[in-house]
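Coordinates as given in upload04.cif (mmCIF, C-alpha atoms):
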```cif
data_my_file
#
loop_
_atom_site.label_atom_id
_atom_site.label_comp_id
_atom_site.auth_asym_id
_atom_site.auth_seq_id
_atom_site.Cartn_x
_atom_site.Cartn_y
_atom_site.Cartn_z
CA MET D 648 24.24 -154.03 -113.71
CA ILE D 649 27.98 -153.95 -113.04
CA PRO D 650 28.21 -152.79 -109.41
CA PHE D 651 30.67 -150.16 -108.22
CA SER D 652 32.56 -151.87 -105.40
CA PRO D 653 31.13 -155.04 -103.86
CA PRO D 654 33.18 -156.80 -101.17
CA ARG D 655 34.89 -160.10 -101.89
CA ILE D 656 32.77 -162.52 -99.88
CA ASP D 657 33.47 -166.16 -100.75
CA GLN D 658 33.48 -169.51 -98.99
CA ARG D 659 36.80 -168.83 -97.29
CA VAL D 660 35.39 -165.71 -95.60
CA ILE D 661 32.17 -167.51 -94.72
CA ASP D 662 34.12 -170.38 -93.15
CA GLU D 663 36.28 -168.05 -91.04
CA VAL D 664 33.29 -166.03 -89.81
CA THR D 665 31.46 -169.29 -89.04
CA ALA D 666 34.48 -170.46 -87.06
CA ALA D 667 34.39 -167.22 -85.09
CA LEU D 668 30.67 -167.61 -84.45
CA THR D 669 31.11 -171.11 -83.08
CA SER D 670 34.31 -170.34 -81.13
CA GLY D 671 32.56 -168.59 -78.26
CA TRP D 672 34.19 -165.26 -79.13
CA ILE D 673 32.09 -162.91 -81.24
CA THR D 674 33.15 -159.63 -79.61
CA THR D 675 36.76 -158.47 -79.10
CA GLY D 676 38.85 -161.60 -78.59
CA PRO D 677 41.77 -163.58 -79.99
CA ARG D 678 41.02 -162.87 -83.66
CA THR D 679 40.96 -159.12 -83.07
CA LYS D 680 44.29 -159.26 -81.23
CA LEU D 681 45.81 -161.38 -84.00
CA PHE D 682 44.50 -158.98 -86.63
CA GLU D 683 46.12 -156.04 -84.81
CA LYS D 684 49.43 -157.92 -84.67
CA GLN D 685 49.36 -158.83 -88.36
CA LEU D 686 48.39 -155.29 -89.39
CA THR D 687 51.40 -153.95 -87.48
CA GLU D 688 53.70 -156.48 -89.12
CA TYR D 689 52.36 -155.68 -92.59
CA CYS D 690 52.53 -151.89 -92.29
CA GLY D 691 55.80 -151.71 -90.36
CA ASN D 692 54.51 -149.34 -87.70
CA LYS D 693 54.91 -149.64 -83.92
CA CYS D 694 51.45 -150.56 -82.65
CA THR D 695 47.88 -150.89 -83.91
CA VAL D 696 44.50 -150.73 -82.19
CA ALA D 697 41.54 -152.17 -84.13
CA VAL D 698 38.33 -150.13 -83.80
CA SER D 699 34.76 -150.06 -85.07
CA SER D 700 35.38 -147.45 -87.80
CA TRP D 701 37.87 -144.94 -89.19
CA THR D 702 35.70 -142.19 -87.73
CA ALA D 703 35.73 -143.54 -84.19
CA GLY D 704 39.46 -144.17 -84.39
CA MET D 705 40.46 -140.75 -85.64
CA GLU D 706 38.20 -138.86 -83.25
CA LEU D 707 39.56 -140.87 -80.35
CA LEU D 708 43.14 -140.22 -81.47
CA LEU D 709 42.49 -136.48 -81.68
CA ARG D 710 40.91 -136.43 -78.22
CA TRP D 711 43.73 -138.55 -76.79
CA TRP D 712 46.22 -136.09 -78.27
CA GLY D 713 44.45 -133.27 -76.44
CA ILE D 714 42.70 -131.59 -79.37
CA GLY D 715 39.81 -129.36 -78.34
CA ALA D 716 38.24 -125.91 -78.49
CA GLY D 717 40.56 -123.24 -79.84
CA ASP D 718 42.74 -125.71 -81.77
CA GLU D 719 43.04 -125.96 -85.55
CA VAL D 720 43.45 -129.06 -87.71
CA ILE D 721 44.45 -128.63 -91.36
CA ILE D 722 42.58 -130.86 -93.84
CA PRO D 723 42.09 -130.84 -97.63
CA ALA D 724 38.95 -129.37 -99.16
CA ILE D 725 38.37 -132.63 -101.06
CA THR D 726 37.81 -135.55 -98.73
CA TYR D 727 34.92 -137.46 -97.23
CA CYS D 728 32.98 -135.51 -94.59
CA ALA D 729 34.34 -137.73 -91.78
CA SER D 730 37.71 -135.95 -92.00
CA ALA D 731 36.06 -132.67 -91.02
CA ASN D 732 33.41 -134.08 -88.70
CA VAL D 733 35.85 -135.71 -86.28
CA VAL D 734 37.63 -132.38 -85.88
CA ILE D 735 34.35 -130.54 -85.29
CA HIS D 736 33.25 -133.12 -82.70
CA THR D 737 36.35 -132.38 -80.60
CA GLY D 738 35.48 -128.66 -80.57
CA ALA D 739 38.44 -127.78 -82.80
CA LYS D 740 38.28 -125.99 -86.16
CA PRO D 741 38.91 -127.75 -89.48
CA VAL D 742 41.11 -125.46 -91.58
CA MET D 743 40.46 -126.48 -95.19
CA VAL D 744 43.14 -125.95 -97.83
CA ASP D 745 43.24 -126.60 -101.57
CA ILE D 746 44.69 -129.62 -103.34
CA ASN D 747 47.50 -130.15 -105.85
CA SER D 748 47.25 -129.35 -109.55
CA ASP D 749 48.50 -132.80 -110.60
CA ASP D 750 46.66 -135.10 -108.16
CA PHE D 751 43.83 -135.05 -105.62
CA ASN D 752 46.03 -134.75 -102.53
CA ILE D 753 46.48 -131.82 -100.16
CA SER D 754 48.79 -129.01 -101.37
CA VAL D 755 51.92 -128.72 -99.25
CA ALA D 756 52.29 -125.06 -100.20
CA GLU D 757 48.74 -124.39 -98.99
CA ILE D 758 49.44 -126.25 -95.74
CA ARG D 759 52.35 -123.94 -94.99
CA LYS D 760 50.24 -120.83 -95.62
CA ALA D 761 47.48 -122.10 -93.32
CA ILE D 762 49.59 -122.79 -90.22
CA THR D 763 49.02 -120.56 -87.19
CA SER D 764 49.91 -120.75 -83.51
CA ARG D 765 46.67 -122.69 -83.03
CA THR D 766 47.58 -125.45 -85.50
CA LYS D 767 47.96 -128.72 -83.61
CA VAL D 768 47.45 -131.33 -86.35
CA ILE D 769 47.87 -131.72 -90.10
CA MET D 770 45.63 -134.43 -91.54
CA PRO D 771 46.83 -135.44 -95.02
CA VAL D 772 44.27 -137.56 -96.89
CA ASP D 773 45.59 -140.20 -99.29
CA ILE D 774 42.79 -139.80 -101.83
CA GLY D 775 42.20 -142.88 -103.94
CA GLY D 776 45.10 -144.67 -102.26
CA PHE D 777 47.86 -142.40 -103.62
CA PRO D 778 50.05 -141.23 -100.71
CA CYS D 779 50.50 -137.57 -99.94
CA ASP D 780 53.99 -136.06 -99.99
CA TYR D 781 54.96 -136.95 -96.42
CA ASP D 782 58.61 -135.89 -96.71
CA ALA D 783 57.50 -132.39 -97.69
CA ILE D 784 54.93 -132.30 -94.89
CA TYR D 785 57.56 -133.31 -92.33
CA GLU D 786 59.88 -130.62 -93.66
CA ILE D 787 57.18 -128.13 -92.74
CA VAL D 788 56.41 -129.43 -89.24
CA ASN D 789 60.14 -129.68 -88.44
CA ASP D 790 60.94 -126.22 -89.81
CA PRO D 791 62.41 -124.22 -86.87
CA GLU D 792 60.19 -121.24 -87.66
CA ILE D 793 57.07 -123.41 -87.70
CA LYS D 794 58.11 -125.10 -84.47
CA LYS D 795 58.50 -121.69 -82.82
CA LEU D 796 54.82 -121.03 -83.59
CA PHE D 797 53.72 -124.29 -82.00
CA GLN D 798 52.00 -123.96 -78.63
CA PRO D 799 51.51 -127.38 -76.97
CA GLY D 800 48.28 -127.95 -75.10
CA SER D 801 48.93 -131.36 -73.56
CA GLU D 802 51.74 -133.49 -72.19
CA TYR D 803 51.98 -135.54 -75.37
CA GLN D 804 52.01 -132.41 -77.54
CA GLU D 805 54.81 -130.97 -75.45
CA LYS D 806 56.79 -134.20 -75.72
CA LEU D 807 56.50 -134.19 -79.53
CA GLY D 808 57.29 -130.48 -79.70
CA ARG D 809 55.69 -129.88 -83.08
CA ILE D 810 52.50 -130.27 -85.10
CA LEU D 811 51.24 -133.87 -85.22
CA VAL D 812 50.93 -135.52 -88.64
CA ALA D 813 47.76 -137.67 -88.48
CA ALA D 814 47.16 -139.40 -91.81
CA ASP D 815 43.69 -140.10 -93.08
CA ALA D 816 44.74 -143.38 -94.67
CA ALA D 817 41.16 -144.60 -95.19
CA HIS D 818 41.96 -145.31 -98.86
CA SER D 819 45.64 -146.18 -98.75
CA PHE D 820 46.13 -149.56 -97.08
CA GLY D 821 48.97 -151.20 -99.01
CA ALA D 822 50.20 -148.00 -100.69
CA ILE D 823 53.95 -147.32 -100.84
CA TYR D 824 55.92 -144.13 -100.15
CA ALA D 825 59.75 -144.11 -100.21
CA GLY D 826 59.85 -147.87 -99.69
CA LYS D 827 57.51 -147.82 -96.69
CA ARG D 828 53.89 -148.84 -96.46
CA SER D 829 50.98 -146.64 -95.49
CA GLY D 830 50.52 -146.87 -91.74
CA SER D 831 54.19 -146.13 -91.12
CA LEU D 832 54.30 -142.83 -93.04
CA ALA D 833 52.87 -140.48 -90.39
CA ASP D 834 52.98 -140.08 -86.61
CA VAL D 835 49.55 -141.67 -86.46
CA SER D 836 47.32 -143.02 -89.23
CA CYS D 837 43.77 -144.31 -89.38
CA PHE D 838 42.61 -146.98 -91.82
CA SER D 839 39.04 -147.69 -92.84
CA PHE D 840 37.92 -151.28 -93.37
CA HIS D 841 34.44 -150.36 -94.57
CA ALA D 842 32.75 -152.68 -97.08
CA VAL D 843 33.97 -150.73 -100.15
CA LYS D 844 37.63 -150.51 -99.09
CA ASN D 845 40.40 -152.62 -100.60
CA LEU D 846 40.66 -154.50 -97.29
CA THR D 847 37.36 -154.88 -95.49
CA THR D 848 35.98 -156.10 -92.18
CA ALA D 849 32.42 -155.06 -93.22
CA GLU D 850 32.72 -152.04 -90.94
CA GLY D 851 35.80 -151.22 -88.92
CA GLY D 852 39.11 -149.44 -88.89
CA SER D 853 42.36 -149.10 -86.99
CA MET D 854 44.44 -146.56 -85.14
CA THR D 855 47.96 -147.10 -86.39
CA LEU D 856 50.74 -145.46 -84.37
CA ASN D 857 54.29 -144.70 -85.45
CA LEU D 858 55.41 -141.86 -83.18
CA PRO D 859 59.10 -141.12 -82.50
CA ASP D 860 61.02 -143.79 -80.58
CA ASP D 861 60.95 -141.94 -77.27
CA PHE D 862 57.19 -142.54 -77.02
CA ASP D 863 56.26 -145.74 -75.14
CA HIS D 864 54.05 -147.40 -77.74
CA GLN D 865 53.14 -150.38 -75.58
CA ALA D 866 51.91 -148.07 -72.84
CA ILE D 867 50.00 -146.05 -75.43
CA TYR D 868 48.45 -149.25 -76.83
CA LYS D 869 47.16 -150.18 -73.38
CA GLU D 870 45.88 -146.64 -72.81
CA LEU D 871 43.95 -146.63 -76.09
CA CYS D 872 42.53 -150.11 -75.44
CA VAL D 873 41.03 -148.73 -72.23
CA LYS D 874 39.60 -145.71 -74.04
CA ILE D 875 37.83 -147.79 -76.72
CA LEU D 876 35.98 -149.83 -74.06
CA HIS D 877 34.26 -147.17 -71.91
CA GLY D 878 37.47 -146.62 -69.95
CA GLN D 879 37.24 -150.15 -68.54
CA ASN D 880 40.63 -151.57 -67.62
CA LYS D 881 39.83 -155.17 -68.66
CA ASP D 882 38.24 -156.39 -71.86
CA ALA D 883 36.02 -159.47 -72.12
CA LEU D 884 38.99 -161.67 -72.97
CA ALA D 885 40.80 -160.68 -69.78
CA LYS D 886 37.66 -160.97 -67.64
CA ALA D 887 37.08 -164.51 -68.91
CA GLN D 888 40.10 -165.76 -66.97
CA LYS D 889 39.14 -167.68 -63.82
CA GLY D 890 38.27 -165.35 -60.95
CA ASN D 891 39.22 -162.25 -62.96
CA TRP D 892 35.74 -160.71 -63.05
CA ARG D 893 36.49 -157.49 -61.14
CA TYR D 894 37.39 -154.44 -63.23
CA ASP D 895 37.77 -150.71 -62.80
CA VAL D 896 36.72 -147.79 -64.98
CA ALA D 897 39.69 -145.48 -65.22
CA GLU D 898 37.89 -142.73 -67.16
CA PRO D 899 34.62 -142.07 -69.00
CA GLY D 900 35.70 -143.66 -72.28
CA PHE D 901 34.13 -144.56 -75.62
CA LYS D 902 32.68 -147.72 -77.15
CA CYS D 903 34.36 -148.43 -80.44
CA ASN D 904 36.15 -151.79 -80.18
CA MET D 905 36.33 -154.17 -83.13
CA THR D 906 34.65 -157.57 -82.84
CA ASP D 907 36.12 -160.98 -83.64
CA LEU D 908 33.46 -161.38 -86.33
CA GLN D 909 34.88 -158.34 -88.12
CA ALA D 910 38.46 -159.43 -87.49
CA ALA D 911 37.69 -162.86 -88.96
CA ILE D 912 36.93 -161.20 -92.30
CA GLY D 913 39.99 -158.98 -91.95
CA LEU D 914 42.36 -161.90 -91.31
CA VAL D 915 41.29 -163.57 -94.55
CA GLU D 916 41.49 -160.27 -96.44
CA LEU D 917 44.97 -159.53 -95.11
CA ASP D 918 46.27 -163.03 -95.89
CA ARG D 919 45.29 -162.64 -99.55
CA PHE D 920 45.78 -158.91 -99.83
CA HIS D 921 48.65 -159.23 -102.31
CA GLU D 922 46.50 -161.02 -104.88
CA ASN D 923 43.82 -158.40 -104.33
CA LEU D 924 46.38 -155.65 -104.96
CA VAL D 925 47.71 -157.36 -108.10
CA ARG D 926 44.19 -157.67 -109.53
CA ARG D 927 43.26 -154.09 -108.75
CA LYS D 928 46.46 -152.87 -110.40
CA ALA D 929 45.72 -154.93 -113.51
CA ILE D 930 42.25 -153.38 -113.76
CA CYS D 931 43.62 -149.84 -113.41
CA LEU D 932 46.31 -150.49 -116.03
CA ALA D 933 43.65 -151.90 -118.37
CA TYR D 934 41.67 -148.68 -117.94
CA ASN D 935 44.82 -146.71 -118.74
CA GLU D 936 45.41 -148.77 -121.87
CA GLY D 937 41.82 -148.40 -123.01
CA LEU D 938 41.72 -144.64 -122.45
CA LYS D 939 45.25 -143.49 -123.31
CA ASN D 940 44.36 -142.42 -126.85
CA GLU D 941 41.18 -140.55 -125.91
CA PRO D 942 41.95 -136.81 -126.16
CA TRP D 943 39.40 -135.98 -123.45
CA ALA D 944 40.70 -138.49 -120.88
CA ILE D 945 42.84 -137.22 -117.99
CA LEU D 946 44.20 -140.38 -116.40
CA PRO D 947 44.83 -140.61 -112.65
CA LYS D 948 48.29 -140.36 -111.17
CA MET D 949 49.16 -143.76 -109.75
CA LYS D 950 52.95 -143.89 -109.46
CA ASP D 951 56.01 -141.65 -109.37
CA GLU D 952 59.63 -141.95 -108.22
CA LYS D 953 58.59 -142.15 -104.54
CA ARG D 954 55.01 -143.34 -104.48
CA GLU D 955 52.72 -146.06 -105.71
CA THR D 956 49.00 -146.16 -105.07
CA CYS D 957 47.22 -149.20 -103.66
CA TYR D 958 44.79 -148.91 -106.60
CA HIS D 959 41.80 -148.28 -104.37
CA LEU D 960 40.10 -145.90 -106.83
CA TYR D 961 40.38 -145.09 -110.51
CA GLN D 962 39.62 -141.37 -110.74
CA LEU D 963 39.11 -140.52 -114.39
CA ARG D 964 38.61 -136.91 -115.47
CA VAL D 965 36.83 -135.67 -118.57
CA ALA D 966 38.82 -132.70 -119.87
CA GLY D 967 36.75 -129.57 -120.36
CA ALA D 968 33.58 -131.02 -118.89
CA SER D 969 31.42 -128.84 -116.67
CA GLU D 970 29.78 -130.26 -113.57
CA ALA D 971 26.49 -130.58 -115.46
CA GLN D 972 28.16 -132.34 -118.37
CA ARG D 973 29.99 -134.70 -116.01
CA ASP D 974 26.68 -135.55 -114.36
CA ALA D 975 25.14 -136.21 -117.79
CA VAL D 976 28.06 -138.48 -118.72
CA MET D 977 27.56 -140.42 -115.49
CA GLN D 978 23.86 -140.84 -116.17
CA ALA D 979 24.63 -142.10 -119.68
CA ILE D 980 27.02 -144.65 -118.16
CA PHE D 981 24.39 -145.74 -115.62
CA ASP D 982 21.92 -146.12 -118.48
CA GLN D 983 24.28 -148.77 -119.90
CA ASP D 984 24.09 -150.74 -116.63
CA VAL D 985 27.48 -149.68 -115.28
CA SER D 986 27.84 -148.13 -111.83
CA VAL D 987 30.23 -145.21 -111.33
CA ASN D 988 30.83 -142.66 -108.57
CA VAL D 989 32.52 -139.36 -107.70
CA HIS D 990 35.33 -138.94 -105.14
CA PHE D 991 34.53 -136.57 -103.59
CA GLN D 992 32.21 -133.61 -103.49
CA PRO D 993 34.40 -130.83 -102.02
CA LEU D 994 33.36 -130.13 -98.45
CA PRO D 995 32.68 -126.40 -99.07
CA ILE D 996 29.80 -127.20 -101.45
CA LEU D 997 27.98 -129.27 -98.81
CA THR D 998 25.33 -127.58 -96.70
CA ALA D 999 26.85 -128.26 -93.28
CA TYR D 1000 30.15 -126.56 -94.15
CA LYS D 1001 28.64 -123.75 -96.22
CA LYS D 1002 26.72 -122.82 -93.07
CA MET D 1003 30.04 -122.63 -91.23
CA GLY D 1004 31.36 -120.09 -93.74
CA TYR D 1005 33.47 -122.27 -96.07
CA ASN D 1006 33.28 -121.10 -99.69
CA ILE D 1007 34.21 -123.25 -102.69
CA ALA D 1008 35.54 -120.15 -104.46
CA ASP D 1009 38.52 -120.35 -102.09
CA TYR D 1010 39.45 -123.79 -103.44
CA PRO D 1011 39.71 -123.59 -107.25
CA GLU D 1012 41.73 -126.79 -107.72
CA ALA D 1013 39.25 -128.78 -105.65
CA TRP D 1014 36.35 -127.46 -107.72
CA ASP D 1015 38.14 -128.00 -111.04
CA LYS D 1016 38.90 -131.65 -110.30
CA TYR D 1017 35.55 -132.47 -108.72
CA SER D 1018 33.54 -130.97 -111.56
CA ASN D 1019 34.86 -133.37 -114.23
CA GLU D 1020 35.82 -136.48 -112.19
CA ILE D 1021 34.22 -139.92 -112.56
CA THR D 1022 35.36 -142.91 -110.50
CA LEU D 1023 35.26 -146.25 -112.33
CA PRO D 1024 34.69 -149.64 -110.66
CA VAL D 1025 37.77 -151.42 -109.23
CA TYR D 1026 37.40 -154.66 -107.26
CA PHE D 1027 38.86 -158.17 -107.21
CA ASP D 1028 35.94 -159.99 -108.86
CA LEU D 1029 35.63 -157.55 -111.76
CA THR D 1030 36.34 -159.58 -114.90
CA ASP D 1031 38.38 -158.57 -117.94
CA GLU D 1032 35.20 -158.72 -120.01
CA GLN D 1033 33.44 -156.36 -117.59
CA VAL D 1034 36.40 -153.96 -117.74
CA GLN D 1035 35.94 -153.76 -121.52
CA THR D 1036 32.20 -153.26 -121.04
CA ILE D 1037 32.92 -150.37 -118.67
CA LEU D 1038 35.39 -148.79 -121.08
CA HIS D 1039 32.86 -149.02 -123.92
CA ALA D 1040 30.16 -147.48 -121.72
CA VAL D 1041 32.41 -144.58 -120.69
CA LYS D 1042 33.56 -143.80 -124.23
CA THR D 1043 30.02 -144.01 -125.57
CA ALA D 1044 28.71 -141.75 -122.83
CA VAL D 1045 31.39 -139.10 -123.29
CA LYS D 1046 30.83 -139.06 -127.07
CA GLN D 1047 27.07 -138.77 -126.54
CA VAL D 1048 27.36 -135.83 -124.11
CA MET D 1049 30.52 -134.02 -125.23
CA GLY D 1050 30.31 -134.69 -128.94
#
```
Write the structure described by the file as structure tokens, please.
Amino acid sequence: MIPFSPPRIDQRVIDEVTAALTSGWITTGPRTKLFEKQLTEYCGNKCTVAVSSWTAGMELLLRWWGIGAGDEVIIPAITYCASANVVIHTGAKPVMVDINSDDFNISVAEIRKAITSRTKVIMPVDIGGFPCDYDAIYEIVNDPEIKKLFQPGSEYQEKLGRILVAADAAHSFGAIYAGKRSGSLADVSCFSFHAVKNLTTAEGGSMTLNLPDDFDHQAIYKELCVKILHGQNKDALAKAQKGNWRYDVAEPGFKCNMTDLQAAIGLVELDRFHENLVRRKAICLAYNEGLKNEPWAILPKMKDEKRETCYHLYQLRVAGASEAQRDAVMQAIFDQDVSVNVHFQPLPILTAYKKMGYNIADYPEAWDKYSNEITLPVYFDLTDEQVQTILHAVKTAVKQVMG
């Protein structure tokens, strides 16, 4: 069976994790701090806090920003459930909007229509690693008429004076927009380093900040480091200094720090990320080449004059397929020992959000793309021979189901 997205675990990773295990630091320590520093250097943002997951990081960022009951956060209807759940957990309302006709990203026109005086955050989601249109989103949040609507609910919100752009960059580490890397495209961004991501720490994520220059990012970094450790003002690394055992708890915080064991994997992954990116791109281009003459194949958008994906996902669409036919095609591919997936089920078709009153009929683009989308495997260790096997399986399955 060709798996869908296994992590790249080799001797180099094993050696670095072993070194962390024997170093005396297995929780947050020097490797985590180095990983944060190198992430910031790579992405070109102003500061980075490593955390235990994307979910923990984004929820903490929203709470830190002052998001709560009565507030609204705009998200796309197609995304993983975490994008909505973190908003709900703060007490705020996720306002779902439809996606573009030519890619899977949030529609800027629909964002504008959804803004009210309660809108505090826009959360663009870089689906598959292809960046959203951040210039267009910033045009909206900086529009004088939109800014007049804005009603700040915290000191930080008042300082910014507009809606916060908080990117769900779970898929887009390494992606490019207007010459800048993901992580420096929004006011704040959160990465996921889950096992299936194009840079992994097994589990984990980061809060990546790039607010305007008049924000004190070093002070914010220290503030967030306190919040991720139960509000404790010293981490284990600081407490290990001679006689430095006493600490204070400044606030009832959270527990979502990254460990040095996770960071050990991340440091290896980051050091060789370019070769990972090159291989993933080659796989995606091979899929394009193998499918370009198939009349039913709608190939994913991966590059335009401003943007280039990080080749995290290859989202193929089968033109004219119904949801049932798409499912049958997937089963026929599985029957040939090839794993595939779907990214994602639109939130309004899931039970939790249907109960809240969201209706998929309000999001026709999201439904149209979901119903005929199949995600093909993309990962470093996928061989050229396996790519051809996958292409054969897909073509055979589509012919079998669609005729």
note - atom CA of D:Asn880 and atom CA of D:Thr674 are separated by 16.3 Å
Option closest in space to D:Gly691, from D:Ala833, D:Ile753, D:Ile721, D:Ala761 [counting all atoms listed in the file]: D:Ala833
As a check of understanding, name the residues that the PyMOL selection byres ((chain D and resi 933) around 12) selects in the supplied structure, as a VMD selection string. chain D and resid 926 to 932 934 to 939 946 961 1023 1025 1029 to 1038
Please, could you write that set of residues out with C-alpha atoms as a short mmCIF file (atom, residue, chain, number, x, y, z; two decimals), in the coordinates of the input?
```cif
data_model
loop_
_atom_site.label_atom_id
_atom_site.label_comp_id
_atom_site.auth_asym_id
_atom_site.auth_seq_id
_atom_site.Cartn_x
_atom_site.Cartn_y
_atom_site.Cartn_z
CA ARG D 926 44.19 -157.67 -109.53
CA ARG D 927 43.26 -154.09 -108.75
CA LYS D 928 46.46 -152.87 -110.40
CA ALA D 929 45.72 -154.93 -113.51
CA ILE D 930 42.25 -153.38 -113.76
CA CYS D 931 43.62 -149.84 -113.41
CA LEU D 932 46.31 -150.49 -116.03
CA TYR D 934 41.67 -148.68 -117.94
CA ASN D 935 44.82 -146.71 -118.74
CA GLU D 936 45.41 -148.77 -121.87
CA GLY D 937 41.82 -148.40 -123.01
CA LEU D 938 41.72 -144.64 -122.45
CA LYS D 939 45.25 -143.49 -123.31
CA LEU D 946 44.20 -140.38 -116.40
CA TYR D 961 40.38 -145.09 -110.51
CA LEU D 1023 35.26 -146.25 -112.33
CA VAL D 1025 37.77 -151.42 -109.23
CA LEU D 1029 35.63 -157.55 -111.76
CA THR D 1030 36.34 -159.58 -114.90
CA ASP D 1031 38.38 -158.57 -117.94
CA GLU D 1032 35.20 -158.72 -120.01
CA GLN D 1033 33.44 -156.36 -117.59
CA VAL D 1034 36.40 -153.96 -117.74
CA GLN D 1035 35.94 -153.76 -121.52
CA THR D 1036 32.20 -153.26 -121.04
CA ILE D 1037 32.92 -150.37 -118.67
CA LEU D 1038 35.39 -148.79 -121.08
#
```
Per-axis box centre and lengths in Å around stretch 995-1005 of chain D, 6 Å margin per side, axis-aligned, as JSON:
```
{"center_x": 29.4, "center_y": -124.7, "center_z": -96.3, "size_x": 20.1, "size_y": 21.2, "size_z": 22.2}
```
Give me, as number ranges by chain, all polymer residues having an atom no more than 10 Å from D:Leu681, counting only C-alpha atoms and skipping those fewer than 3 positions away in the same chain. D: 676-678, 684-687, 907, 910-911, 914
Quick one: which residues end up in the PyMOL selection byres ((chain D and resi 755) around 8) for this structure, as a ChimeraX atom specification? /D:753-754,756-759,780,783-784
Suppose you want the space between atom CA of D:Glu898 and atom CA of D:Ala885; what is it in Å?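 These two atoms are separated by 18.4 Å.
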Given the file shown, determine the residues that the PyMOL selection byres ((chain D and resi 746) around 12) selects; report them as JSON, numbers by chain. {"D": [722, 723, 724, 725, 726, 743, 744, 745, 747, 748, 749, 750, 751, 752, 753, 754, 755, 756, 757, 758, 771, 772, 773, 774, 779, 780, 993, 1009, 1010, 1011, 1012, 1013, 1014, 1015, 1016, 1017]}
Saved selection, atoms kept: C-alpha atoms, as a PDB file, in the frame of the given file:
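Contents of the output file selection.pdb:
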```pdb
ATOM      1  CA  ILE D 722      42.580-130.860 -93.840  1.00  0.00           C
ATOM      2  CA  PRO D 723      42.090-130.840 -97.630  1.00  0.00           C
ATOM      3  CA  ALA D 724      38.950-129.370 -99.160  1.00  0.00           C
ATOM      4  CA  ILE D 725      38.370-132.630-101.060  1.00  0.00           C
ATOM      5  CA  THR D 726      37.810-135.550 -98.730  1.00  0.00           C
ATOM      6  CA  MET D 743      40.460-126.480 -95.190  1.00  0.00           C
ATOM      7  CA  VAL D 744      43.140-125.950 -97.830  1.00  0.00           C
ATOM      8  CA  ASP D 745      43.240-126.600-101.570  1.00  0.00           C
ATOM      9  CA  ASN D 747      47.500-130.150-105.850  1.00  0.00           C
ATOM     10  CA  SER D 748      47.250-129.350-109.550  1.00  0.00           C
ATOM     11  CA  ASP D 749      48.500-132.800-110.600  1.00  0.00           C
ATOM     12  CA  ASP D 750      46.660-135.100-108.160  1.00  0.00           C
ATOM     13  CA  PHE D 751      43.830-135.050-105.620  1.00  0.00           C
ATOM     14  CA  ASN D 752      46.030-134.750-102.530  1.00  0.00           C
ATOM     15  CA  ILE D 753      46.480-131.820-100.160  1.00  0.00           C
ATOM     16  CA  SER D 754      48.790-129.010-101.370  1.00  0.00           C
ATOM     17  CA  VAL D 755      51.920-128.720 -99.250  1.00  0.00           C
ATOM     18  CA  ALA D 756      52.290-125.060-100.200  1.00  0.00           C
ATOM     19  CA  GLU D 757      48.740-124.390 -98.990  1.00  0.00           C
ATOM     20  CA  ILE D 758      49.440-126.250 -95.740  1.00  0.00           C
ATOM     21  CA  PRO D 771      46.830-135.440 -95.020  1.00  0.00           C
ATOM     22  CA  VAL D 772      44.270-137.560 -96.890  1.00  0.00           C
ATOM     23  CA  ASP D 773      45.590-140.200 -99.290  1.00  0.00           C
ATOM     24  CA  ILE D 774      42.790-139.800-101.830  1.00  0.00           C
ATOM     25  CA  CYS D 779      50.500-137.570 -99.940  1.00  0.00           C
ATOM     26  CA  ASP D 780      53.990-136.060 -99.990  1.00  0.00           C
ATOM     27  CA  PRO D 993      34.400-130.830-102.020  1.00  0.00           C
ATOM     28  CA  ASP D1009      38.520-120.350-102.090  1.00  0.00           C
ATOM     29  CA  TYR D1010      39.450-123.790-103.440  1.00  0.00           C
ATOM     30  CA  PRO D1011      39.710-123.590-107.250  1.00  0.00           C
ATOM     31  CA  GLU D1012      41.730-126.790-107.720  1.00  0.00           C
ATOM     32  CA  ALA D1013      39.250-128.780-105.650  1.00  0.00           C
ATOM     33  CA  TRP D1014      36.350-127.460-107.720  1.00  0.00           C
ATOM     34  CA  ASP D1015      38.140-128.000-111.040  1.00  0.00           C
ATOM     35  CA  LYS D1016      38.900-131.650-110.300  1.00  0.00           C
ATOM     36  CA  TYR D1017      35.550-132.470-108.720  1.00  0.00           C
TER      37      TYR D1017
END
```
Smallest atom-to-atom distance to D:Glu1020: which of D:Ile945, D:Ile980, D:Ala1040, D:Ala814, using only C-alpha atoms?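 Selected residue with least distance to D:Glu1020: D:Ile945.
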Name the residues in contact with D:Ala729 at a cut-off of 12 Å, using all atoms listed in the file, excluding same-chain residues fewer than 2 positions from it; report them as a count of residues only. 27
Just the residues within 8 Å of D:Met905, please, counting all atoms listed in the file, with nothing from its chain fewer than 2 positions along; format it as a list of chain:residue names. D:Thr674, D:Thr675, D:Thr679, D:Ala697, D:Val698, D:Ser699, D:Gly851, D:Gly852, D:Cys903, D:Asp907, D:Gln909, D:Ala910
May I ask for the distance between atom CA of D:Asn789 and atom CA of D:Val812, given in Å to one decimal place?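 Going from atom CA of D:Asn789 over to atom CA of D:Val812, I get 10.9 Å.
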Using only C-alpha atoms, which residue out of D:Ala822, D:Leu807, D:Val985, D:Ile912 lies closest to D:Arg655? D:Ile912
7 Å contact set for stretch 855-862 of chain D, only C-alpha atoms, chain neighbours under 6 positions out, as a list of chain:residue names: D:Asn692, D:Lys693, D:Cys694, D:Thr695, D:Val696, D:Gly830, D:Ser831, D:Ala833, D:Asp834, D:Val835, D:Ser836, D:Cys837
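Proximity of D:Thr906, D:Gln888, D:Thr766, D:Ser670 to D:Ala849, computed with only C-alpha atoms, is greatest for D:Thr906.
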